[in-house]
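Data file: start-v7.cif. Format and content: mmCIF, C-alpha atoms and all ligand atoms.
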data_protein
loop_
_atom_site.label_atom_id
_atom_site.label_comp_id
_atom_site.auth_asym_id
_atom_site.auth_seq_id
_atom_site.Cartn_x
_atom_site.Cartn_y
_atom_site.Cartn_z
CA MET A 1399 146.26 267.42 94.21
CA ASP A 1400 143.31 268.42 92.08
CA THR A 1401 141.59 265.14 91.27
CA GLN A 1402 139.28 266.79 88.74
CA GLN A 1403 142.31 267.89 86.77
CA ILE A 1404 143.74 264.36 86.92
CA LYS A 1405 140.46 262.86 85.73
CA SER A 1406 140.20 265.32 82.91
CA PHE A 1407 143.74 264.31 81.90
CA VAL A 1408 142.62 260.63 81.96
CA ASN A 1409 139.62 261.48 79.81
CA ASP A 1410 141.74 263.21 77.19
CA TYR A 1411 144.40 260.51 77.29
CA VAL A 1412 141.90 257.67 76.69
CA GLU A 1413 140.27 259.71 73.90
CA GLU A 1414 143.68 260.03 72.22
CA LYS A 1415 143.97 256.24 72.26
CA ARG A 1416 140.47 255.61 70.87
CA LEU A 1417 141.67 254.30 67.52
CA GLU A 1418 144.26 251.96 69.06
CA LEU A 1419 141.77 250.61 71.57
CA ARG A 1420 139.18 250.09 68.83
CA GLU A 1421 141.78 248.18 66.82
CA LEU A 1422 142.59 246.02 69.85
CA SER A 1423 138.92 245.25 70.47
CA ASP A 1424 138.29 244.54 66.77
CA PHE A 1425 141.37 242.33 66.50
CA ILE A 1426 140.23 240.12 69.38
CA PHE A 1427 136.66 240.07 68.02
CA ASN A 1428 137.94 239.00 64.62
CA HIS A 1429 140.25 236.32 66.05
CA PRO A 1430 137.91 234.43 68.36
CA GLU A 1431 139.83 231.94 70.48
CA VAL A 1432 138.34 229.65 73.12
CA GLY A 1433 139.65 229.30 76.66
CA PHE A 1434 143.35 228.51 77.11
CA GLU A 1435 143.87 228.89 73.35
CA GLU A 1436 143.76 232.70 73.27
CA TYR A 1437 147.28 232.93 71.84
CA GLU A 1438 146.74 235.84 69.46
CA SER A 1439 144.40 237.68 71.80
CA ALA A 1440 146.90 237.49 74.65
CA ALA A 1441 149.87 238.37 72.41
CA VAL A 1442 148.25 241.55 71.08
CA GLN A 1443 147.64 242.80 74.64
CA VAL A 1444 151.14 241.87 75.80
CA GLU A 1445 152.57 243.81 72.88
CA PHE A 1446 150.28 246.77 73.60
CA LEU A 1447 151.24 246.92 77.28
CA ARG A 1448 154.96 246.59 76.52
CA LYS A 1449 154.69 249.43 74.04
CA TYR A 1450 153.35 251.61 76.85
CA GLY A 1451 156.14 250.65 79.24
CA PHE A 1452 154.55 247.92 81.34
CA ASP A 1453 156.73 245.16 82.74
CA VAL A 1454 154.92 242.12 81.35
CA THR A 1455 155.19 238.56 82.64
CA GLU A 1456 153.92 236.07 80.08
CA LYS A 1457 152.60 232.58 80.82
CA ALA A 1458 151.64 233.69 84.34
CA GLY A 1459 150.48 230.89 86.64
CA GLY A 1460 151.84 228.34 84.17
CA MET A 1461 149.20 229.14 81.56
CA ASP A 1462 150.34 229.91 78.00
CA THR A 1463 147.75 232.64 77.50
CA ALA A 1464 147.84 234.37 80.91
CA PHE A 1465 149.85 237.53 81.52
CA LEU A 1466 150.54 240.15 84.16
CA GLY A 1467 151.44 243.66 82.99
CA ARG A 1468 152.81 245.64 85.90
CA PHE A 1469 153.82 249.24 86.49
CA ASP A 1470 155.41 250.34 89.77
CA ASN A 1471 155.74 253.94 90.85
CA GLY A 1472 157.09 253.83 94.39
CA GLU A 1473 155.42 252.79 97.62
CA GLY A 1474 151.66 252.64 97.64
CA PRO A 1475 148.66 250.41 97.10
CA HIS A 1476 148.69 247.80 94.34
CA ILE A 1477 145.55 247.91 92.20
CA SER A 1478 144.74 245.33 89.55
CA ILE A 1479 142.58 245.67 86.46
CA PHE A 1480 141.37 242.42 84.90
CA SER A 1481 141.18 241.60 81.21
CA GLU A 1482 139.28 238.69 79.65
CA TYR A 1483 139.58 237.62 76.01
CA ASP A 1484 138.33 234.08 75.55
CA CYS A 1485 135.39 233.44 73.24
CA LEU A 1486 132.51 230.99 73.43
CA PRO A 1487 132.65 227.59 71.76
CA GLY A 1488 130.15 226.33 69.21
CA GLY A 1489 130.39 229.23 66.78
CA LEU A 1490 129.05 231.84 69.20
CA ASP A 1491 132.53 233.40 69.25
CA HIS A 1492 132.52 236.78 71.03
CA ALA A 1493 128.84 236.65 71.99
CA CYS A 1494 129.88 237.50 75.56
CA GLY A 1495 131.87 240.56 74.42
CA HIS A 1496 135.15 239.74 76.14
CA ASN A 1497 136.99 241.74 73.48
CA LEU A 1498 135.39 244.83 75.06
CA ILE A 1499 136.65 243.78 78.51
CA ALA A 1500 140.19 243.55 77.12
CA ALA A 1501 140.06 246.99 75.47
CA ALA A 1502 138.65 248.54 78.67
CA ALA A 1503 141.28 246.92 80.91
CA VAL A 1504 144.27 247.74 78.73
CA GLY A 1505 142.96 251.28 78.16
CA ALA A 1506 142.49 251.78 81.90
CA GLY A 1507 145.96 250.43 82.63
CA ILE A 1508 147.82 252.72 80.26
CA ALA A 1509 145.75 255.76 81.31
CA ALA A 1510 146.34 255.12 85.02
CA LYS A 1511 150.08 254.72 84.34
CA ALA A 1512 150.23 257.96 82.34
CA ALA A 1513 148.48 259.88 85.15
CA MET A 1514 150.71 258.32 87.84
CA GLU A 1515 153.77 259.47 85.92
CA LYS A 1516 152.46 262.92 85.11
CA TYR A 1517 151.22 263.72 88.61
CA GLY A 1518 153.74 261.67 90.64
CA ILE A 1519 151.07 259.37 92.09
CA GLN A 1520 152.62 256.50 94.01
CA GLY A 1521 151.68 252.83 93.94
CA SER A 1522 151.42 249.95 91.50
CA VAL A 1523 149.01 248.95 88.77
CA THR A 1524 148.77 245.52 87.16
CA VAL A 1525 146.70 244.59 84.14
CA VAL A 1526 145.85 240.93 84.67
CA GLY A 1527 145.24 238.74 81.64
CA GLY A 1528 143.03 235.91 82.86
CA PRO A 1529 142.26 233.20 80.29
CA ALA A 1530 139.27 230.90 79.97
CA GLU A 1531 136.56 232.73 81.90
CA GLU A 1532 133.85 230.85 80.02
CA GLY A 1533 135.09 227.54 81.33
CA GLY A 1534 138.34 226.64 83.00
CA GLY A 1535 138.71 229.64 85.29
CA GLY A 1536 142.13 231.09 84.46
CA LYS A 1537 141.80 233.58 87.31
CA ILE A 1538 141.49 230.71 89.80
CA LYS A 1539 144.77 229.24 88.59
CA LEU A 1540 146.45 232.65 88.87
CA LEU A 1541 145.02 233.03 92.36
CA GLN A 1542 146.24 229.61 93.43
CA ALA A 1543 149.67 230.36 91.99
CA GLY A 1544 149.86 233.34 94.36
CA CYS A 1545 149.75 235.97 91.58
CA PHE A 1546 147.27 238.13 93.51
CA ASP A 1547 148.89 237.88 96.94
CA ASP A 1548 150.37 241.38 96.92
CA MET A 1549 147.33 243.04 95.32
CA ASP A 1550 145.11 245.29 97.42
CA ALA A 1551 142.04 245.61 95.20
CA ALA A 1552 140.78 244.30 91.88
CA MET A 1553 138.37 245.53 89.26
CA ALA A 1554 136.96 244.42 85.95
CA VAL A 1555 133.92 245.26 83.86
CA HIS A 1556 131.56 243.11 81.82
CA PRO A 1557 129.27 244.14 78.96
CA THR A 1558 125.54 243.86 79.58
CA SER A 1559 122.26 245.30 78.25
CA ALA A 1560 119.64 247.70 79.68
CA VAL A 1561 120.99 249.91 82.49
CA SER A 1562 124.62 249.84 83.67
CA ARG A 1563 125.09 248.70 87.25
CA VAL A 1564 127.63 247.92 89.93
CA ALA A 1565 126.95 244.20 90.07
CA GLY A 1566 126.44 242.83 93.57
CA GLY A 1567 126.35 239.14 94.39
CA SER A 1568 126.41 236.38 91.80
CA ASN A 1569 125.96 232.63 91.93
CA THR A 1570 128.22 229.84 92.98
CA SER A 1571 127.70 226.40 91.54
CA CYS A 1572 128.63 222.75 91.44
CA LYS A 1573 128.10 219.88 89.08
CA TYR A 1574 127.40 216.23 89.87
CA THR A 1575 127.64 213.08 87.86
CA CYS A 1576 125.83 210.07 89.33
CA GLU A 1577 126.13 206.64 87.79
CA TYR A 1578 123.68 203.90 88.68
CA PHE A 1579 124.80 200.31 88.20
CA GLY A 1580 122.13 197.62 87.97
CA LYS A 1581 121.93 194.19 86.43
CA PRO A 1582 120.60 193.24 83.01
CA ALA A 1583 117.83 190.71 82.57
CA HIS A 1584 115.04 189.84 80.14
CA ALA A 1585 112.19 192.15 81.10
CA GLY A 1586 109.49 189.65 80.11
CA ASN A 1587 110.92 186.28 81.11
CA ARG A 1588 112.96 186.86 84.26
CA PRO A 1589 112.67 190.52 85.33
CA TRP A 1590 113.18 189.61 88.99
CA GLU A 1591 116.77 188.77 88.20
CA GLY A 1592 117.43 192.31 86.96
CA VAL A 1593 118.21 195.55 88.77
CA ASN A 1594 116.96 198.58 86.84
CA ALA A 1595 119.34 201.53 86.70
CA GLN A 1596 116.87 203.57 84.66
CA ASP A 1597 114.32 203.27 87.44
CA ALA A 1598 116.98 204.45 89.87
CA ALA A 1599 117.42 207.59 87.79
CA LEU A 1600 113.64 208.14 87.71
CA LEU A 1601 113.46 207.78 91.47
CA PHE A 1602 116.24 210.34 91.75
CA PHE A 1603 114.27 212.78 89.54
CA ASN A 1604 111.16 212.32 91.65
CA ALA A 1605 113.00 212.75 94.93
CA MET A 1606 114.69 215.85 93.51
CA ALA A 1607 111.33 217.28 92.41
CA TYR A 1608 110.07 217.07 96.01
CA THR A 1609 113.34 218.39 97.37
CA ARG A 1610 113.22 221.50 95.19
CA GLN A 1611 110.33 222.80 97.23
CA MET A 1612 112.44 222.53 100.37
CA THR A 1613 115.37 224.58 99.13
CA GLU A 1614 115.92 228.25 99.78
CA ASP A 1615 114.94 230.95 97.30
CA GLY A 1616 117.55 231.51 94.62
CA ILE A 1617 118.67 227.88 94.37
CA ARG A 1618 118.34 226.23 90.99
CA ILE A 1619 118.74 222.51 90.43
CA ARG A 1620 118.88 221.11 86.91
CA ALA A 1621 119.43 217.51 85.95
CA ASN A 1622 119.32 215.35 82.88
CA ILE A 1623 120.28 211.96 81.54
CA PRO A 1624 122.76 212.78 78.77
CA GLU A 1625 122.40 209.45 77.01
CA GLY A 1626 118.62 209.67 77.15
CA MET A 1627 116.15 207.09 78.44
CA ALA A 1628 116.32 204.74 75.46
CA GLY A 1629 117.11 201.40 77.05
CA ALA A 1630 116.74 198.33 74.87
CA ILE A 1631 113.09 197.30 74.77
CA GLY A 1632 112.53 194.08 76.61
CA SER A 1633 115.62 194.47 78.78
CA ILE A 1634 116.18 195.67 82.29
CA VAL A 1635 118.52 198.65 81.88
CA PRO A 1636 121.75 197.95 83.77
CA TYR A 1637 123.41 201.38 83.61
CA THR A 1638 122.28 205.02 83.66
CA ARG A 1639 124.20 208.25 84.11
CA VAL A 1640 122.62 211.40 85.53
CA VAL A 1641 124.23 214.84 85.49
CA CYS A 1642 123.00 217.51 87.85
CA SER A 1643 124.04 221.09 88.44
CA ILE A 1644 123.14 223.35 91.32
CA THR A 1645 123.50 227.12 91.48
CA ALA A 1646 123.05 229.20 94.61
CA PRO A 1647 123.72 232.79 95.70
CA SER A 1648 126.04 231.70 98.52
CA TYR A 1649 128.30 228.85 99.47
CA ARG A 1650 126.26 228.15 102.60
CA MET A 1651 123.06 227.75 100.57
CA LEU A 1652 124.88 225.63 98.00
CA THR A 1653 126.20 223.30 100.70
CA ASP A 1654 122.71 222.80 102.07
CA ALA A 1655 121.28 222.05 98.61
CA CYS A 1656 124.15 219.63 97.91
CA THR A 1657 123.37 217.59 101.02
CA LYS A 1658 119.77 217.29 99.90
CA VAL A 1659 120.60 216.36 96.31
CA GLU A 1660 123.08 213.73 97.49
CA ARG A 1661 120.26 212.15 99.51
CA CYS A 1662 118.17 212.03 96.32
CA PHE A 1663 120.95 210.17 94.49
CA GLU A 1664 120.96 207.69 97.34
CA ALA A 1665 117.16 207.40 97.21
CA GLY A 1666 117.38 206.18 93.62
CA ALA A 1667 119.84 203.49 94.60
CA VAL A 1668 118.06 202.38 97.76
CA GLY A 1669 114.68 202.16 96.05
CA THR A 1670 115.94 199.91 93.24
CA GLY A 1671 118.85 198.01 94.71
CA CYS A 1672 121.36 199.63 92.35
CA THR A 1673 124.81 200.59 93.43
CA PHE A 1674 125.83 204.16 92.62
CA LYS A 1675 128.87 206.37 92.26
CA VAL A 1676 128.76 210.15 92.63
CA SER A 1677 131.41 212.63 91.58
CA LYS A 1678 131.26 216.34 92.29
CA GLU A 1679 133.00 219.28 90.65
CA MET A 1680 132.86 222.77 92.17
CA GLY A 1681 132.17 225.74 89.88
CA TYR A 1682 133.08 229.39 90.40
CA LYS A 1683 132.51 231.05 93.75
CA ASN A 1684 129.85 233.72 94.14
CA ARG A 1685 130.91 237.36 94.05
CA ILE A 1686 131.55 239.09 97.37
CA PRO A 1687 130.24 242.61 96.62
CA ASN A 1688 132.27 245.62 97.66
CA GLY A 1689 130.44 248.87 98.35
CA VAL A 1690 133.59 250.97 98.86
CA LEU A 1691 134.97 250.12 95.42
CA GLY A 1692 131.48 250.12 93.93
CA GLU A 1693 130.70 253.65 95.09
CA LEU A 1694 133.99 255.01 93.74
CA PHE A 1695 133.27 253.35 90.40
CA ARG A 1696 129.70 254.64 90.37
CA ALA A 1697 130.75 258.21 91.11
CA ASN A 1698 133.28 258.13 88.30
CA ALA A 1699 130.80 256.59 85.83
CA GLU A 1700 128.07 259.07 86.73
CA GLY A 1701 130.64 261.86 86.57
CA LEU A 1702 131.09 260.95 82.91
CA GLY A 1703 127.35 260.98 82.32
CA GLU A 1704 126.60 257.22 82.51
CA PRO A 1705 123.21 256.43 84.11
CA MET A 1706 123.74 253.74 86.79
CA MET A 1707 121.19 251.50 88.51
CA GLU A 1708 120.70 252.07 92.25
CA GLY A 1709 122.57 249.89 94.72
CA MET A 1710 124.42 246.69 93.89
CA PRO A 1711 121.87 244.33 92.33
CA ALA A 1712 122.69 240.62 92.39
CA ASP A 1713 122.51 238.54 89.24
CA ASN A 1714 122.13 234.87 88.34
CA GLY A 1715 125.46 234.59 86.56
CA GLY A 1716 128.64 233.03 87.77
CA GLU A 1717 132.19 234.08 86.96
CA ASP A 1718 135.75 233.55 88.12
CA MET A 1719 135.93 237.15 89.42
CA GLY A 1720 133.85 235.58 92.21
CA ASP A 1721 136.89 233.60 93.30
CA VAL A 1722 139.07 236.73 93.13
CA SER A 1723 136.56 238.57 95.33
CA HIS A 1724 137.04 235.93 98.04
CA LEU A 1725 140.72 236.89 98.34
CA ILE A 1726 140.81 240.66 97.75
CA PRO A 1727 138.16 243.37 97.47
CA ALA A 1728 136.87 243.25 93.91
CA ILE A 1729 134.14 244.64 91.68
CA ASN A 1730 132.88 243.66 88.26
CA PRO A 1731 130.35 246.30 87.18
CA HIS A 1732 128.11 245.31 84.30
CA MET A 1733 128.13 248.12 81.77
CA THR A 1734 125.62 248.43 78.99
CA ILE A 1735 126.20 248.03 75.27
CA PHE A 1736 122.48 248.07 74.42
CA THR A 1737 120.27 250.42 76.42
CA ASP A 1738 116.79 249.72 74.94
CA HIS A 1739 115.97 246.60 76.93
CA LYS A 1740 117.46 243.46 78.40
CA ILE A 1741 118.82 240.90 75.93
CA SER A 1742 120.53 237.65 76.72
CA GLY A 1743 124.30 237.26 76.48
CA HIS A 1744 125.71 234.20 74.68
CA THR A 1745 123.38 234.79 71.72
CA ASP A 1746 123.85 235.85 68.10
CA LEU A 1747 121.99 239.06 68.91
CA PHE A 1748 124.37 239.95 71.73
CA ARG A 1749 127.34 239.27 69.45
CA GLU A 1750 125.91 241.78 66.96
CA LYS A 1751 125.72 244.39 69.73
CA VAL A 1752 129.41 243.88 70.57
CA ARG A 1753 130.35 245.77 67.41
CA THR A 1754 128.18 248.85 67.68
CA PRO A 1755 129.05 252.47 68.55
CA GLN A 1756 127.39 251.84 71.94
CA ALA A 1757 129.86 248.99 72.55
CA GLU A 1758 132.75 251.31 71.72
CA HIS A 1759 131.23 253.84 74.11
CA MET A 1760 131.24 251.09 76.78
CA PHE A 1761 134.93 250.21 76.56
CA MET A 1762 136.00 253.85 76.25
CA LEU A 1763 133.89 254.81 79.26
CA CYS A 1764 135.13 251.82 81.27
CA ALA A 1765 138.78 252.53 80.45
CA LYS A 1766 138.30 256.04 81.88
CA VAL A 1767 136.21 254.95 84.88
CA MET A 1768 138.58 252.13 85.90
CA ALA A 1769 141.59 254.43 85.52
CA ASP A 1770 139.82 257.10 87.62
CA THR A 1771 138.87 254.53 90.26
CA THR A 1772 142.44 253.19 90.37
CA LEU A 1773 143.76 256.73 90.87
CA ASP A 1774 141.17 257.46 93.58
CA LEU A 1775 142.49 254.43 95.47
CA LEU A 1776 146.16 255.30 94.98
CA LEU A 1777 145.55 258.87 96.13
CA ASP A 1778 143.61 257.78 99.22
CA PRO A 1779 145.01 254.53 100.69
CA ALA A 1780 142.45 254.83 103.51
CA LYS A 1781 139.84 253.88 100.89
CA VAL A 1782 141.84 250.75 100.10
CA GLU A 1783 141.85 249.84 103.79
CA ALA A 1784 138.10 250.47 103.98
CA ALA A 1785 137.52 248.20 100.96
CA LYS A 1786 139.62 245.48 102.60
CA ALA A 1787 137.76 245.81 105.88
CA GLU A 1788 134.45 245.48 104.06
CA GLN A 1789 135.66 242.39 102.18
CA LEU A 1790 136.80 240.81 105.44
CA SER A 1791 133.54 241.48 107.23
CA ARG A 1792 131.48 240.12 104.31
CA MET A 1793 133.64 236.97 104.25
CA GLN A 1794 133.15 236.52 107.99
CA ALA A 1795 129.41 237.04 107.64
CA GLU A 1796 129.22 234.40 104.92
CA TYR A 1797 131.62 231.79 106.27
CA GLY A 1798 131.97 232.53 109.99
CA ASP A 1799 135.23 231.78 111.81
CA GLU A 1800 136.42 229.49 109.04
CA TYR A 1801 136.39 232.22 106.39
CA GLU A 1802 140.11 231.93 105.65
CA LYS A 1803 139.55 228.41 104.31
CA TYR A 1804 137.42 229.87 101.53
CA MET A 1805 139.72 232.66 100.42
CA ARG A 1806 141.68 230.54 97.94
ZN ZN B 1 129.90 234.58 79.08
ZN ZN B 2 131.55 236.96 79.87
#

Can I see the file as structure tokens?
Amino acid sequence: MDTQQIKSFVNDYVEEKRLELRELSDFIFNHPEVGFEEYESAAVQVEFLRKYGFDVTEKAGGMDTAFLGRFDNGEGPHISIFSEYDCLPGGLDHACGHNLIAAAAVGAGIAAKAAMEKYGIQGSVTVVGGPAEEGGGGKIKLLQAGCFDDMDAAMAVHPTSAVSRVAGGSNTSCKYTCEYFGKPAHAGNRPWEGVNAQDAALLFFNAMAYTRQMTEDGIRIRANIPEGMAGAIGSIVPYTRVVCSITAPSYRMLTDACTKVERCFEAGAVGTGCTFKVSKEMGYKNRIPNGVLGELFRANAEGLGEPMMEGMPADNGGEDMGDVSHLIPAINPHMTIFTDHKISGHTDLFREKVRTPQAEHMFMLCAKVMADTTLDLLLDPAKVEAAKAEQLSRMQAEYGDEYEKYMR
């Protein structure tokens, strides 16, 4: 089969759908909905996929705004393309550009399906609607519900600035809350009867400041006292709450930093005589990069004239595609919507850039490139096996013999 001919069909097909995809992207942009409340944004994609003949399961994984749009065309690999459509809270709305991710994913899905039908290419394609990427991790719930168990590879894209790139590793994270319980007393008359929880927090901050020097490169530890340090003047402060978050490029490094930070919490308590209670919440897992999928994506993007950064550069972000990449080979290339220089996502400026011709170029390009990459994999199942082997060996390198424990 002439793959160039197939890719040129995909190119023309996506171009034909430009207006519809623009409307989809604009609709989601104009109806910003935060995580798990993306009712209209999910519905418009469900309707779109049904119109193009996908078999759509709504409320996937028990979430109102999750969906799986599937197309089967005989025996073959099962490739998934991920859509995101939640916005940011606090009036930032689509300042992360998830409307572009949705247009790219849906566009890629319908184009891959059309090519599979036209050229008799076997296999399955699913467009995955994963809610609440910005907080809540819809993809993790889908993963835990077993929705990805029969998928062989996954891909998504995310808007960025400067040069497009096949994103490599990303961060994993966790969040702590530590409460110190002391005993109130009059600070002037009988301070010896008090136990100062504020001092415990300050001891924690000092211990953490020393500890930071002893952590590996790439680890970030941030902490604050949400209620501030304003204890009543003249009183020994009986209660203080500290929140602390840690990000690290790998689970192993995170675990090491956690052990150290937990010792610092204890230091605050031991030094002051407070009691303390620590709770820990894990964030998203870091991305396991995949060179096999990445190189296919790169070749297709460059084939359509998109300049791509060398290699698979890591970034400081964190995302729930990281969790997906622990189970199946996955990529999440970051594709530019503003080429001049780097600007920060989650800002008013970035939101402005989400509605430019360059942003439309991004989702059109990504629809084509993800469809092309899907078809490359369906046409050459050996590539799928190579991507799986790479994922497995990277998991083993990161987690050793216990890697399976970390897959879901
Ligand atoms: Zn974001
Ligand atoms: Zn995002």

For this session: List all protein, DNA and RNA residues that have any atom at most 7 Å from ligand ZN 1 (chain B), counting all atoms listed in the file, and write the list as a ChimeraX atom specification.
Result: /A:1494,1532,1743-1744

Residues of chain A that approach ligand ZN 2 (chain B) to 12 Å or less, counting only C-alpha atoms and all ligand atoms: could you list each one with the shortest pair of atoms and its distance in Å to one decimal, rows by chain and increasing residue number, as CSV?
residue,atom,partner,partner_atom,distance
A:Gly1433,CA,B:ZN2,ZN,11.6
A:Ser1481,CA,B:ZN2,ZN,10.8
A:Glu1482,CA,B:ZN2,ZN,7.9
A:Tyr1483,CA,B:ZN2,ZN,8.9
A:Asp1484,CA,B:ZN2,ZN,8.5
A:Cys1485,CA,B:ZN2,ZN,8.4
A:Leu1486,CA,B:ZN2,ZN,8.8
A:Asp1491,CA,B:ZN2,ZN,11.2
A:His1492,CA,B:ZN2,ZN,8.9
A:Ala1493,CA,B:ZN2,ZN,8.3
A:Cys1494,CA,B:ZN2,ZN,4.7
A:Gly1495,CA,B:ZN2,ZN,6.5
A:His1496,CA,B:ZN2,ZN,5.9
A:Asn1497,CA,B:ZN2,ZN,9.7
A:Leu1498,CA,B:ZN2,ZN,10.0
A:Ile1499,CA,B:ZN2,ZN,8.6
A:Ala1500,CA,B:ZN2,ZN,11.2
A:Gly1528,CA,B:ZN2,ZN,11.9
A:Pro1529,CA,B:ZN2,ZN,11.4
A:Ala1530,CA,B:ZN2,ZN,9.8
A:Glu1531,CA,B:ZN2,ZN,6.9
A:Glu1532,CA,B:ZN2,ZN,6.5
A:Gly1533,CA,B:ZN2,ZN,10.2
A:Gly1535,CA,B:ZN2,ZN,11.6
A:Ala1554,CA,B:ZN2,ZN,11.0
A:Val1555,CA,B:ZN2,ZN,9.5
A:His1556,CA,B:ZN2,ZN,6.5
A:Pro1557,CA,B:ZN2,ZN,7.6
A:Thr1558,CA,B:ZN2,ZN,9.2
A:Gly1715,CA,B:ZN2,ZN,9.4
A:Gly1716,CA,B:ZN2,ZN,9.3
A:Glu1717,CA,B:ZN2,ZN,7.7
A:Asp1718,CA,B:ZN2,ZN,9.9
A:Met1719,CA,B:ZN2,ZN,10.5
A:Asn1730,CA,B:ZN2,ZN,10.8
A:Pro1731,CA,B:ZN2,ZN,11.9
A:His1732,CA,B:ZN2,ZN,10.1
A:Met1733,CA,B:ZN2,ZN,11.8
A:Ser1742,CA,B:ZN2,ZN,11.5
A:Gly1743,CA,B:ZN2,ZN,8.0
A:His1744,CA,B:ZN2,ZN,8.3
A:Thr1745,CA,B:ZN2,ZN,11.7
A:Phe1748,CA,B:ZN2,ZN,11.3
A:Arg1749,CA,B:ZN2,ZN,11.5
A:Val1752,CA,B:ZN2,ZN,11.8

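Restricting the calculation to only C-alpha atoms, the smallest distance between Cys1672 (chain A) and any of A:Ala1543, A:Val1564, A:Leu1747, A:Ala1595 is found for A:Ala1595.
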
For this session: Have a look at A:Ile1519, A:Ala1728, A:Ala1599, A:Leu1694 and name the one nearest to Thr1673 (chain A); count all atoms listed in the file.
Result: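 Of the candidates, the smallest distance to Thr1673 (chain A) is held by A:Ala1599.
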
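CA of Thr1463 (chain A) is positioned 11.0 Å from CA of Val1442 (chain A).
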
Exercise. Pick the closest to Gly1666 (chain A) from A:Gln1596, A:Ser1723, A:Thr1613, A:Ser1633: which is it, counting all atoms listed in the file?
Worked result: A:Gln1596

For this session: Might you pull out every residue within 12 Å of Ala1628 (chain A), with all atoms listed in the file counted and same-chain residues fewer than 5 positions away left off, and present them as a PyMOL selection string?
Result: chain A and resi 1596+1623+1633-1635+1637-1638

Problem set entry | Long-range neighbours of region 1646-1648 of chain A as a VMD selection string, 8 Å cut-off, all atoms listed in the file, 4 positions minimum in chain | chain A and resid 1567 to 1571 1616 to 1618 1652 1684 1714 1796

Problem set entry | Atom pair CA of Gly1472 (chain A) / CA of Gly1507 (chain A): separation (Å) | 16.5 Å

Some atoms are missing, so please complete region 1624-1638 of chain A with N, CA and C atoms and return it as a JSON list (two decimals), in the frame of the given file.
[["chain", "number", "residue", "atom", "x", "y", "z"],
["A", 1624, "PRO", "N", 122.18, 212.39, 80.06],
["A", 1624, "PRO", "CA", 122.76, 212.78, 78.77],
["A", 1624, "PRO", "C", 122.54, 211.74, 77.67],
["A", 1625, "GLU", "N", 122.56, 210.48, 78.04],
["A", 1625, "GLU", "CA", 122.40, 209.45, 77.01],
["A", 1625, "GLU", "C", 120.93, 209.16, 76.72],
["A", 1626, "GLY", "N", 120.04, 209.87, 77.39],
["A", 1626, "GLY", "CA", 118.62, 209.67, 77.15],
["A", 1626, "GLY", "C", 118.09, 208.46, 77.89],
["A", 1627, "MET", "N", 116.81, 208.17, 77.69],
["A", 1627, "MET", "CA", 116.15, 207.09, 78.44],
["A", 1627, "MET", "C", 115.93, 205.87, 77.56],
["A", 1628, "ALA", "N", 116.62, 205.80, 76.43],
["A", 1628, "ALA", "CA", 116.32, 204.74, 75.46],
["A", 1628, "ALA", "C", 117.04, 203.45, 75.80],
["A", 1629, "GLY", "N", 116.57, 202.73, 76.76],
["A", 1629, "GLY", "CA", 117.11, 201.40, 77.05],
["A", 1629, "GLY", "C", 116.56, 200.43, 76.01],
["A", 1630, "ALA", "N", 117.23, 199.31, 75.84],
["A", 1630, "ALA", "CA", 116.74, 198.33, 74.87],
["A", 1630, "ALA", "C", 115.39, 197.79, 75.33],
["A", 1631, "ILE", "N", 114.43, 197.77, 74.42],
["A", 1631, "ILE", "CA", 113.09, 197.30, 74.77],
["A", 1631, "ILE", "C", 113.17, 195.82, 75.13],
["A", 1632, "GLY", "N", 112.52, 195.48, 76.21],
["A", 1632, "GLY", "CA", 112.53, 194.08, 76.61],
["A", 1632, "GLY", "C", 113.68, 193.73, 77.54],
["A", 1633, "SER", "N", 114.50, 194.75, 77.87],
["A", 1633, "SER", "CA", 115.62, 194.47, 78.78],
["A", 1633, "SER", "C", 115.52, 195.36, 80.01],
["A", 1634, "ILE", "N", 116.01, 194.84, 81.09],
["A", 1634, "ILE", "CA", 116.18, 195.67, 82.29],
["A", 1634, "ILE", "C", 117.47, 196.46, 82.07],
["A", 1635, "VAL", "N", 117.38, 197.79, 82.21],
["A", 1635, "VAL", "CA", 118.52, 198.65, 81.88],
["A", 1635, "VAL", "C", 119.57, 198.60, 83.01],
["A", 1636, "PRO", "N", 120.77, 198.16, 82.69],
["A", 1636, "PRO", "CA", 121.75, 197.95, 83.77],
["A", 1636, "PRO", "C", 122.59, 199.17, 84.14],
["A", 1637, "TYR", "N", 122.53, 200.24, 83.32],
["A", 1637, "TYR", "CA", 123.41, 201.38, 83.61],
["A", 1637, "TYR", "C", 122.75, 202.69, 83.17],
["A", 1638, "THR", "N", 122.78, 203.68, 84.02],
["A", 1638, "THR", "CA", 122.28, 205.02, 83.66],
["A", 1638, "THR", "C", 123.17, 206.07, 84.32]]
